[in-house]
Every structure is written in C-alpha cells, then in structure tokens.
Amino acid sequence: MFNQFQILGRRSMSVFQRLGQAMLFQLQILAGLPGLLRHPRLLIQELYSVGVQSLAIIVISGLTVGMVLGLQMYNTLVDFGTEESLGPVVALSLVRELGPVLTALLFSGRAGSALTAEIGLMKATDQLSVMEMMAVDPVKRVVVPRFVAGVISMPLLAAIFSAVGILGSYMVGVGLLGVDDGAFWSQMQHKVSFDKDIWNGIIKSFVFGIIATWIAVFEGYTAIPTTAGVSNATTRTVVHTAFAVLAMDFVLTAIMFGES
Amino acid sequence: MSVSQDPQQDQQMLVDINNVHYSVGSRTILDGVDIKIPRGKITTIMGPSGCGKTTLLRLIGGQLTPNQGSIHFDGVNMHTLANDDLYLMRKRMGMLFQSGALFTHMSVYDNVAFPVREHTNLPEHIIRALVLMKLEAVGLRGARHLMPSELSGGMSRRVALARAIALDPMMIMYDEPFTGQDPITVGVIMQLIRLLNDSLGMTSVIVSHDVQEVCAISDQLFMISDGHVVDSGGPSQLQKSGSDWVQQFMSAMPDGPVPFHYPVIPFIDDMLLEDE
C-alpha cells in the first residue's frame, strides 16, 4: 500500500516537473520571438511546411465531414419538417466546434507529429548540439519559426475546414436531397453571428494552435535522442494534443457559450 | 567574465581544465581531471569507450557544466559566463562531431555557409568565395551541390570540418574523427587535421581511441580511465609508460587491468545453477 502511494507520488511529481519544463520552454520561445524578425524567410519556409502541406488532409477531411453532417442532419430535420434549417445547423456545428477541434486533431497528426520527429531527429543526430557549438541558439533558429508557423496556420486551416465542410453539406443537402438553395444560405446568414460564432471559433482555433504546436516542439526538443525516444515523443505529441485540445474545448465552450 | 590568476600560464595554455568532477545521477564520469592544452598544438585525449572523452569536449564547449572544478578557455572560466558571453566564446571554437552532424535539409554549400551567414553580414559573393576556399581545403569543392544523404561517411566528416573552420576558430575539437572510416579516409583526415592546425595556427583537441592514428599526429596525449588522467606525455613517452593500463590500451591487449570478462560469479558455479 505504501509502495502504491510512493509510485503515485513519484508519477505526480514527474508530471508537474514536465509541466514546469514546458512552461520554461515556452518562455524561451517567447524570448526568441523578436529574433524571428531578422529571419522572415525561416517563417515562410515553415508556413509552407506546416500550413500549406497540411492543406490536402484538411480539405479532404472538411469535405467529407461536411457531407456526412449534411446527410445526418437532413435525416433528423426532415422528420420535423425543418430541413430548411440545414444550412445554419451545419454551419454552427462546424464554425463553433467541429472546425477548430477536428482541425487541431488533424493538424497534430499531420504537422505536429512531423515537427516532433524532425526536431527529435535533429537532436539525435547532433544537429542541435552542433548549432549550439556554432553559437547559434537552436531554440531561436529551429523552434521559434516552427512554433509561430503553427500558431498562424491553425486558424487559417480551421477556417478552410469549416468553409469546405459547409460546401460539402451544401452539395449533399441542396444538390442531392433537394433542400432549397435560397433557404440554405439565407438562414445560415441569419443565424450565424460573426461576433458570437465565427469570432469565438477563431479564438478557439488560435488557442488550439498554440497548444498543438507547443506540445509538438516541446516533445521534439526534449525527446530522448534515440530511435525509440523519438518514436515515443511523436506518439506523446498526438495523444497529449488530443487530450489537451478536447479538455480546452470544453473550458472554452463553457466560457463562450455557457450562458446562452 | 572571470579570468584565471596566472597571466603567464594563460598565454601558454589555451584550455586549462582544473580538478573537474562530473556525474550523471549516481554515476561518476569524471573524478578530478586536470588537463592543460597548449596553444598551437594537437592534444589528444584517449581512453576506452564510455570513459567521458566526449563529455570532456562538451564541458570545454560549455554545453555541460561540471559539478566541481573549472575550465578556462583563453583565460576565461567558461562556466561563469552569461549565455550571451558563452555564445561569443563559442564563435572562437569549432567542433567536429563523430557523426558529422550536417544539416540534412541543406546542401554541402549551405552547410558550410551556415555559420558565416549566421554571424556576419557579408555579401553573398564574399560568402561564396569563403565557402569555396574551405571546401577546397578539404578537397570537396566539386561536391558543393550534393545533399548530405549523397555523401559517404568520410565526405560528411570533411564537409563538417570545412564548416567547423568556416569562421577561422582559435581551437577545433574533434570527437572520434577516425571511427568507422576506411584507411584512405583515415589518412585524409589525419593529414587535414595536421595541415589545418599548422597552416591556420589553430589549436586542436582530439578525443579518440585509435592509437596508431593519434600517435602519428599528436603533440601530446592524455590517457583517461575511471574518471582520472592515468598518464600523459608525447606519443613516444606513452609507448614506454610503466602503467599496465596504458600498456594494455596502447598494445590493444584483450585482458589485463581492464578485464575481458564483465564481473560475474565463477563459470563452474554458474553452470551448476538450475534456473536463470
């Protein structure tokens, strides 16, 4: 019994120690932000690698999620004779919740895992050490551009996901199931508020972008520099991001929409 | 910046490692190491795998901090420096890692240009001239468009060497430069180390366990075992060392003060045991 408490205590300490390390790492990143102004090309390269190269998975996933949502919502709404509300129902679901959350999960699987593996392998092959020995700070040179690119990319990818999703539900709802075209768009325009829905969706995707990229670069930078170490760090990135994003989604939703 | 007390010694010695202790957890790696590295010479630190040779290089470069003792580079205690001052000091030293540690997403040319671009505002045509000079010195000017994945192990190390000397450092540290190389590449690297040291007036520190190679090019050697310096001197002095350990190491004998067998119960007792 005493041993169980010891193990629990040790694990709890280790979790808090790791959280502390992550906070200090984040401070290092923030301190390195001004230096990025001198290397705008690094940011552009990373925006391409983190953002543009994630477009395909975001567009395809957004389209299929929107199509499925359109089909499922139609089947429910038609029983109540309110299938004309398909547009706002799908748009609100995507803009408020599914867009930011699913984009963050997909982003973590595509770009986050790649960031962790890349930085972890740079560590394992001494590329970060050699930078230090060349008097180049690896946090400023390697981590900061990737972090900023992730934070900028996430809201844009989430917006694209939602837009393509709405298009997918339009194709199914209006194109295949016969929902009125005008009603689909006009009700959406009427029900979806920029301040409450779209703006809160942007805030969510921005916060998820910080969480997903922070976890990815931290796991990569602190990975044990072996094959197994990098592999474990990559797995942790995806799992921890999923937990953190879903938990933070509940908190943000409660703050943003809890009183309505 | 704190400066050591003896200015005359500072002038002669580029690196002064004084009573350095270093441990990781409960494992002691260095236990009171004293080494003085003179300017302009090739100094080699030898010892078996895992004895702390690479750790010593990282301590000199300020990537690790000793638990006790001090390391002065050019009269400055490396481990009392603020981060910015430490980075300034590192501009004066180069390091060749065992793996080469080339940036895999950059060409050979961009790898060598990397430190120059990071630390100077030179126009691109001057950087080009500098990079080609360094690559010419290591015989790989013709390979400048290749990517690291297209290079052999020996070529990678030569590119890494060109990159390490790109800013003309005062000292260059070589971590196991000969390990895993074919005889021709070993010969090329040996020649390069000696040539660059003499022609550029640098100080070279090599850690290695390749006895023949380092004896051929080193001015002085330090032998490390169990966290201590067990012997030091010129190559010929060490060949005649009275230490059994040094003799075993220099002559590559499989058994001696360093036993062939990992500590274990007698073989006959082990055979009589029924279960593992």
# chains A, B, ... in the order shown; residues from 1 in each chain; ligands from 1
$ select_by_dssp --residues "region 63-252 of chain B" --states "alpha helix (DSSP H)" --output "PyMOL selection string"
chain B and resi 83-90+108-119+124-137+153-164+183-199+211-217+235-239+244-251
$ residues_around --residues "region 174-189 of chain A" --least-positions-apart "5" --cutoff "9 Å" --atoms "only C-alpha atoms" --output "PyMOL selection string"
chain A and resi 71+74+83-92+169
$ write_last_selection --atoms "C-alpha atoms" --output "compact mmCIF listing (two decimals), in the first residue's frame"
# COMPACT_ATOMS: atom_id res chain seq x y z
CA LEU A 71 -26.77 13.85 -44.62
CA TYR A 74 -31.12 16.28 -43.02
CA GLU A 83 -34.91 20.65 -43.32
CA GLU A 84 -34.58 24.30 -44.47
CA SER A 85 -32.53 24.84 -41.28
CA LEU A 86 -29.81 22.51 -42.56
CA GLY A 87 -27.52 25.45 -43.50
CA PRO A 88 -27.34 27.12 -40.07
CA VAL A 89 -27.20 23.81 -38.17
CA VAL A 90 -24.22 22.59 -40.19
CA ALA A 91 -22.52 25.99 -40.19
CA LEU A 92 -22.86 26.44 -36.42
CA SER A 169 -23.13 19.81 -46.74
$ closest_atom_pairs --of "chain A" --to "chain B" --cutoff "8 Å" --atoms "only C-alpha atoms" --output "tab-separated table"
residue	atom	partner	partner_atom	distance
A:Thr125	CA	B:Ala101	CA	5.9
A:Asp126	CA	B:Ala101	CA	5.3
A:Gln127	CA	B:Ala101	CA	5.1
A:Val130	CA	B:Ala101	CA	6.7
A:Glu132	CA	B:Gln63	CA	7.7
A:Met133	CA	B:Arg90	CA	5.9
A:Met134	CA	B:Lys91	CA	6.1
A:Ala135	CA	B:Tyr87	CA	4.6
A:Val136	CA	B:Glu118	CA	7.4
$ select_by_dssp --residues "region 23-224 of chain B" --states "strand (DSSP E or B)" --output "MDAnalysis selection string"
chainID B and resid 23:24 27:38 42:46 68:73 76:77 93:96 171:175 203:208 220:224
$ write_last_selection --atoms "C-alpha atoms" --output "PDB file, in the first residue's frame"
ATOM      1  CA  SER B  23      28.463  12.987 -12.632  1.00  0.00           C
ATOM      2  CA  VAL B  24      25.169  11.976 -14.183  1.00  0.00           C
ATOM      3  CA  ARG B  27      27.289   7.650 -11.986  1.00  0.00           C
ATOM      4  CA  THR B  28      30.616   9.453 -11.750  1.00  0.00           C
ATOM      5  CA  ILE B  29      32.082  10.134 -15.190  1.00  0.00           C
ATOM      6  CA  LEU B  30      34.955  12.491 -14.434  1.00  0.00           C
ATOM      7  CA  ASP B  31      36.528  12.457 -10.995  1.00  0.00           C
ATOM      8  CA  GLY B  32      39.119  15.204 -10.667  1.00  0.00           C
ATOM      9  CA  VAL B  33      40.530  15.646 -14.170  1.00  0.00           C
ATOM     10  CA  ASP B  34      43.419  18.087 -14.704  1.00  0.00           C
ATOM     11  CA  ILE B  35      44.457  18.778 -18.305  1.00  0.00           C
ATOM     12  CA  LYS B  36      46.297  21.726 -19.811  1.00  0.00           C
ATOM     13  CA  ILE B  37      46.044  22.186 -23.570  1.00  0.00           C
ATOM     14  CA  PRO B  38      48.814  24.343 -25.098  1.00  0.00           C
ATOM     15  CA  ILE B  42      47.495  18.896 -31.316  1.00  0.00           C
ATOM     16  CA  THR B  43      46.412  17.388 -28.000  1.00  0.00           C
ATOM     17  CA  THR B  44      44.679  14.044 -27.855  1.00  0.00           C
ATOM     18  CA  ILE B  45      42.563  12.675 -25.043  1.00  0.00           C
ATOM     19  CA  MET B  46      42.432   8.883 -25.171  1.00  0.00           C
ATOM     20  CA  GLN B  68      33.145  20.782  -9.338  1.00  0.00           C
ATOM     21  CA  GLY B  69      36.307  22.376 -10.727  1.00  0.00           C
ATOM     22  CA  SER B  70      36.800  24.874 -13.518  1.00  0.00           C
ATOM     23  CA  ILE B  71      37.554  25.019 -17.231  1.00  0.00           C
ATOM     24  CA  HIS B  72      39.254  28.122 -18.603  1.00  0.00           C
ATOM     25  CA  PHE B  73      39.346  28.808 -22.324  1.00  0.00           C
ATOM     26  CA  VAL B  76      38.072  32.820 -19.274  1.00  0.00           C
ATOM     27  CA  ASN B  77      36.133  30.497 -16.986  1.00  0.00           C
ATOM     28  CA  MET B  93      35.942  27.351 -31.228  1.00  0.00           C
ATOM     29  CA  GLY B  94      34.807  24.748 -33.710  1.00  0.00           C
ATOM     30  CA  MET B  95      33.726  21.187 -33.092  1.00  0.00           C
ATOM     31  CA  LEU B  96      33.655  18.197 -35.391  1.00  0.00           C
ATOM     32  CA  MET B 171      40.571  25.911 -31.475  1.00  0.00           C
ATOM     33  CA  ILE B 172      38.885  22.942 -33.059  1.00  0.00           C
ATOM     34  CA  MET B 173      37.683  19.876 -31.180  1.00  0.00           C
ATOM     35  CA  TYR B 174      37.438  16.528 -32.944  1.00  0.00           C
ATOM     36  CA  ASP B 175      35.141  13.866 -31.495  1.00  0.00           C
ATOM     37  CA  THR B 203      44.867  24.506 -31.511  1.00  0.00           C
ATOM     38  CA  SER B 204      43.428  21.031 -31.986  1.00  0.00           C
ATOM     39  CA  VAL B 205      41.889  18.750 -29.375  1.00  0.00           C
ATOM     40  CA  ILE B 206      41.117  15.204 -30.445  1.00  0.00           C
ATOM     41  CA  VAL B 207      39.279  12.576 -28.461  1.00  0.00           C
ATOM     42  CA  SER B 208      39.837   9.147 -29.859  1.00  0.00           C
ATOM     43  CA  GLN B 220      50.772  15.324 -26.568  1.00  0.00           C
ATOM     44  CA  LEU B 221      48.341  12.729 -25.255  1.00  0.00           C
ATOM     45  CA  PHE B 222      46.306  12.281 -22.090  1.00  0.00           C
ATOM     46  CA  MET B 223      45.012   8.847 -21.112  1.00  0.00           C
ATOM     47  CA  ILE B 224      41.759   8.774 -19.146  1.00  0.00           C
TER      48      ILE B 224
END
$ closest_residue --among "A:Ala114, A:Ala149, A:Leu156, A:Ile211" --to "Ala233 (chain A)" --atoms "only C-alpha atoms"
A:Ala114
$ atom_distance --atom1 "CA of Ile217 (chain B)" --atom2 "CA of Asp244 (chain B)"
23.7 Å
$ residues_around --residues "region 193-202 of chain A" --least-positions-apart "4" --cutoff "9 Å" --atoms "only C-alpha atoms" --output "list in words"
Leu92, Leu94, Val95, Arg96, Glu97, Gly99, Pro100, Pro155, Leu156, Ala158, Ala159, Gln189, Phe206, Val207, Leu252, Thr253, Met256 and Phe257 of chain A
$ closest_residue --among "B:Gly154, B:Gly187, B:Gly201, B:Gly75" --to "Arg39 (chain B)" --atoms "only C-alpha atoms"
B:Gly201
$ residues_around --residues "Ser107 (chain B)" --least-positions-apart "6" --cutoff "7 Å" --atoms "only C-alpha atoms" --output "count of residues only"
5
$ residues_around --residues "Ala117 (chain A)" --least-positions-apart "5" --cutoff "12 Å" --atoms "only C-alpha atoms" --output "JSON, numbers by chain"
{"A": [109, 110, 111, 112, 122, 123, 124, 125, 216, 217, 218, 219, 220, 221, 222, 223, 224, 225, 226, 227, 228, 229, 230, 231, 232, 233, 234, 235, 236, 237, 238]}
$ write_last_selection --atoms "N, CA and C atoms" --output "PDB file, in the first residue's frame"
ATOM      1  N   GLY A 109      -1.862  15.315 -35.971  1.00  0.00           N
ATOM      2  CA  GLY A 109      -1.463  14.063 -36.623  1.00  0.00           C
ATOM      3  C   GLY A 109      -0.558  14.292 -37.814  1.00  0.00           C
ATOM      4  N   ARG A 110      -0.784  15.376 -38.562  1.00  0.00           N
ATOM      5  CA  ARG A 110       0.000  15.620 -39.786  1.00  0.00           C
ATOM      6  C   ARG A 110       1.243  16.469 -39.463  1.00  0.00           C
ATOM      7  N   ALA A 111       1.000  17.704 -38.999  1.00  0.00           N
ATOM      8  CA  ALA A 111       2.113  18.642 -38.824  1.00  0.00           C
ATOM      9  C   ALA A 111       2.797  18.491 -37.462  1.00  0.00           C
ATOM     10  N   GLY A 112       2.000  18.278 -36.386  1.00  0.00           N
ATOM     11  CA  GLY A 112       2.588  18.181 -35.045  1.00  0.00           C
ATOM     12  C   GLY A 112       3.538  17.001 -34.933  1.00  0.00           C
ATOM     13  N   MET A 122      16.778  15.805 -35.281  1.00  0.00           N
ATOM     14  CA  MET A 122      17.884  16.779 -35.295  1.00  0.00           C
ATOM     15  C   MET A 122      18.687  16.668 -34.004  1.00  0.00           C
ATOM     16  N   LYS A 123      17.976  16.409 -32.899  1.00  0.00           N
ATOM     17  CA  LYS A 123      18.664  16.239 -31.615  1.00  0.00           C
ATOM     18  C   LYS A 123      19.471  14.934 -31.623  1.00  0.00           C
ATOM     19  N   ALA A 124      18.839  13.859 -32.102  1.00  0.00           N
ATOM     20  CA  ALA A 124      19.502  12.547 -32.092  1.00  0.00           C
ATOM     21  C   ALA A 124      20.735  12.530 -32.993  1.00  0.00           C
ATOM     22  N   THR A 125      20.735  13.341 -34.051  1.00  0.00           N
ATOM     23  CA  THR A 125      21.891  13.350 -34.959  1.00  0.00           C
ATOM     24  C   THR A 125      22.821  14.536 -34.675  1.00  0.00           C
ATOM     25  N   ALA A 216       4.066  19.870 -29.640  1.00  0.00           N
ATOM     26  CA  ALA A 216       4.894  19.225 -30.680  1.00  0.00           C
ATOM     27  C   ALA A 216       6.360  19.629 -30.559  1.00  0.00           C
ATOM     28  N   VAL A 217       6.631  20.934 -30.441  1.00  0.00           N
ATOM     29  CA  VAL A 217       8.037  21.359 -30.400  1.00  0.00           C
ATOM     30  C   VAL A 217       8.694  20.976 -29.064  1.00  0.00           C
ATOM     31  N   PHE A 218       7.906  21.018 -27.988  1.00  0.00           N
ATOM     32  CA  PHE A 218       8.461  20.646 -26.675  1.00  0.00           C
ATOM     33  C   PHE A 218       8.840  19.163 -26.655  1.00  0.00           C
ATOM     34  N   GLU A 219       7.927  18.327 -27.147  1.00  0.00           N
ATOM     35  CA  GLU A 219       8.217  16.880 -27.160  1.00  0.00           C
ATOM     36  C   GLU A 219       9.440  16.575 -28.028  1.00  0.00           C
ATOM     37  N   GLY A 220       9.540  17.265 -29.172  1.00  0.00           N
ATOM     38  CA  GLY A 220      10.691  17.040 -30.052  1.00  0.00           C
ATOM     39  C   GLY A 220      11.985  17.481 -29.398  1.00  0.00           C
ATOM     40  N   TYR A 221      11.958  18.645 -28.770  1.00  0.00           N
ATOM     41  CA  TYR A 221      13.180  19.223 -28.201  1.00  0.00           C
ATOM     42  C   TYR A 221      13.664  18.430 -26.990  1.00  0.00           C
ATOM     43  N   THR A 222      12.706  17.828 -26.257  1.00  0.00           N
ATOM     44  CA  THR A 222      13.108  17.097 -25.049  1.00  0.00           C
ATOM     45  C   THR A 222      13.098  15.582 -25.273  1.00  0.00           C
ATOM     46  N   ALA A 223      12.957  15.165 -26.527  1.00  0.00           N
ATOM     47  CA  ALA A 223      12.931  13.717 -26.817  1.00  0.00           C
ATOM     48  C   ALA A 223      14.264  13.072 -26.419  1.00  0.00           C
ATOM     49  N   ILE A 224      14.183  11.834 -25.945  1.00  0.00           N
ATOM     50  CA  ILE A 224      15.423  11.084 -25.689  1.00  0.00           C
ATOM     51  C   ILE A 224      16.044  10.808 -27.065  1.00  0.00           C
ATOM     52  N   PRO A 225      17.332  11.167 -27.249  1.00  0.00           N
ATOM     53  CA  PRO A 225      17.894  11.128 -28.610  1.00  0.00           C
ATOM     54  C   PRO A 225      18.231   9.725 -29.119  1.00  0.00           C
ATOM     55  N   THR A 226      17.238   8.866 -29.139  1.00  0.00           N
ATOM     56  CA  THR A 226      17.395   7.530 -29.704  1.00  0.00           C
ATOM     57  C   THR A 226      16.184   7.264 -30.604  1.00  0.00           C
ATOM     58  N   THR A 227      16.234   6.178 -31.357  1.00  0.00           N
ATOM     59  CA  THR A 227      15.118   5.840 -32.247  1.00  0.00           C
ATOM     60  C   THR A 227      13.834   5.678 -31.435  1.00  0.00           C
ATOM     61  N   ALA A 228      13.922   4.905 -30.353  1.00  0.00           N
ATOM     62  CA  ALA A 228      12.731   4.677 -29.521  1.00  0.00           C
ATOM     63  C   ALA A 228      12.278   5.979 -28.862  1.00  0.00           C
ATOM     64  N   GLY A 229      13.230   6.810 -28.452  1.00  0.00           N
ATOM     65  CA  GLY A 229      12.903   8.066 -27.794  1.00  0.00           C
ATOM     66  C   GLY A 229      12.116   8.992 -28.712  1.00  0.00           C
ATOM     67  N   VAL A 230      12.548   9.102 -29.966  1.00  0.00           N
ATOM     68  CA  VAL A 230      11.860   9.977 -30.927  1.00  0.00           C
ATOM     69  C   VAL A 230      10.478   9.402 -31.253  1.00  0.00           C
ATOM     70  N   SER A 231      10.427   8.077 -31.382  1.00  0.00           N
ATOM     71  CA  SER A 231       9.143   7.421 -31.665  1.00  0.00           C
ATOM     72  C   SER A 231       8.145   7.678 -30.529  1.00  0.00           C
ATOM     73  N   ASN A 232       8.591   7.512 -29.289  1.00  0.00           N
ATOM     74  CA  ASN A 232       7.710   7.751 -28.130  1.00  0.00           C
ATOM     75  C   ASN A 232       7.274   9.209 -28.058  1.00  0.00           C
ATOM     76  N   ALA A 233       8.187  10.110 -28.355  1.00  0.00           N
ATOM     77  CA  ALA A 233       7.865  11.541 -28.297  1.00  0.00           C
ATOM     78  C   ALA A 233       6.792  11.879 -29.339  1.00  0.00           C
ATOM     79  N   THR A 234       6.911  11.274 -30.516  1.00  0.00           N
ATOM     80  CA  THR A 234       5.933  11.532 -31.584  1.00  0.00           C
ATOM     81  C   THR A 234       4.551  11.028 -31.163  1.00  0.00           C
ATOM     82  N   THR A 235       4.520   9.845 -30.559  1.00  0.00           N
ATOM     83  CA  THR A 235       3.240   9.304 -30.079  1.00  0.00           C
ATOM     84  C   THR A 235       2.657  10.223 -29.007  1.00  0.00           C
ATOM     85  N   ARG A 236       3.519  10.653 -28.067  1.00  0.00           N
ATOM     86  CA  ARG A 236       3.035  11.532 -26.989  1.00  0.00           C
ATOM     87  C   ARG A 236       2.458  12.828 -27.549  1.00  0.00           C
ATOM     88  N   THR A 237       3.081  13.343 -28.598  1.00  0.00           N
ATOM     89  CA  THR A 237       2.580  14.591 -29.190  1.00  0.00           C
ATOM     90  C   THR A 237       1.120  14.441 -29.605  1.00  0.00           C
ATOM     91  N   VAL A 238       0.811  13.366 -30.316  1.00  0.00           N
ATOM     92  CA  VAL A 238      -0.545  13.178 -30.841  1.00  0.00           C
ATOM     93  C   VAL A 238      -1.524  12.922 -29.686  1.00  0.00           C
TER      94      VAL A 238
END
$ atom_distance --atom1 "CA of Met106 (chain B)" --atom2 "CA of Gly120 (chain A)"
17.5 Å
$ closest_residue --among "B:Leu130, B:Ala216, B:Leu272, B:Leu192" --to "Pro235 (chain B)" --atoms "only C-alpha atoms"
B:Ala216
$ residues_around --residues "Gly242 (chain B)" --least-positions-apart "4" --cutoff "12 Å" --atoms "only C-alpha atoms" --output "ChimeraX atom specification"
/B:230-232,237-238,246-248,250
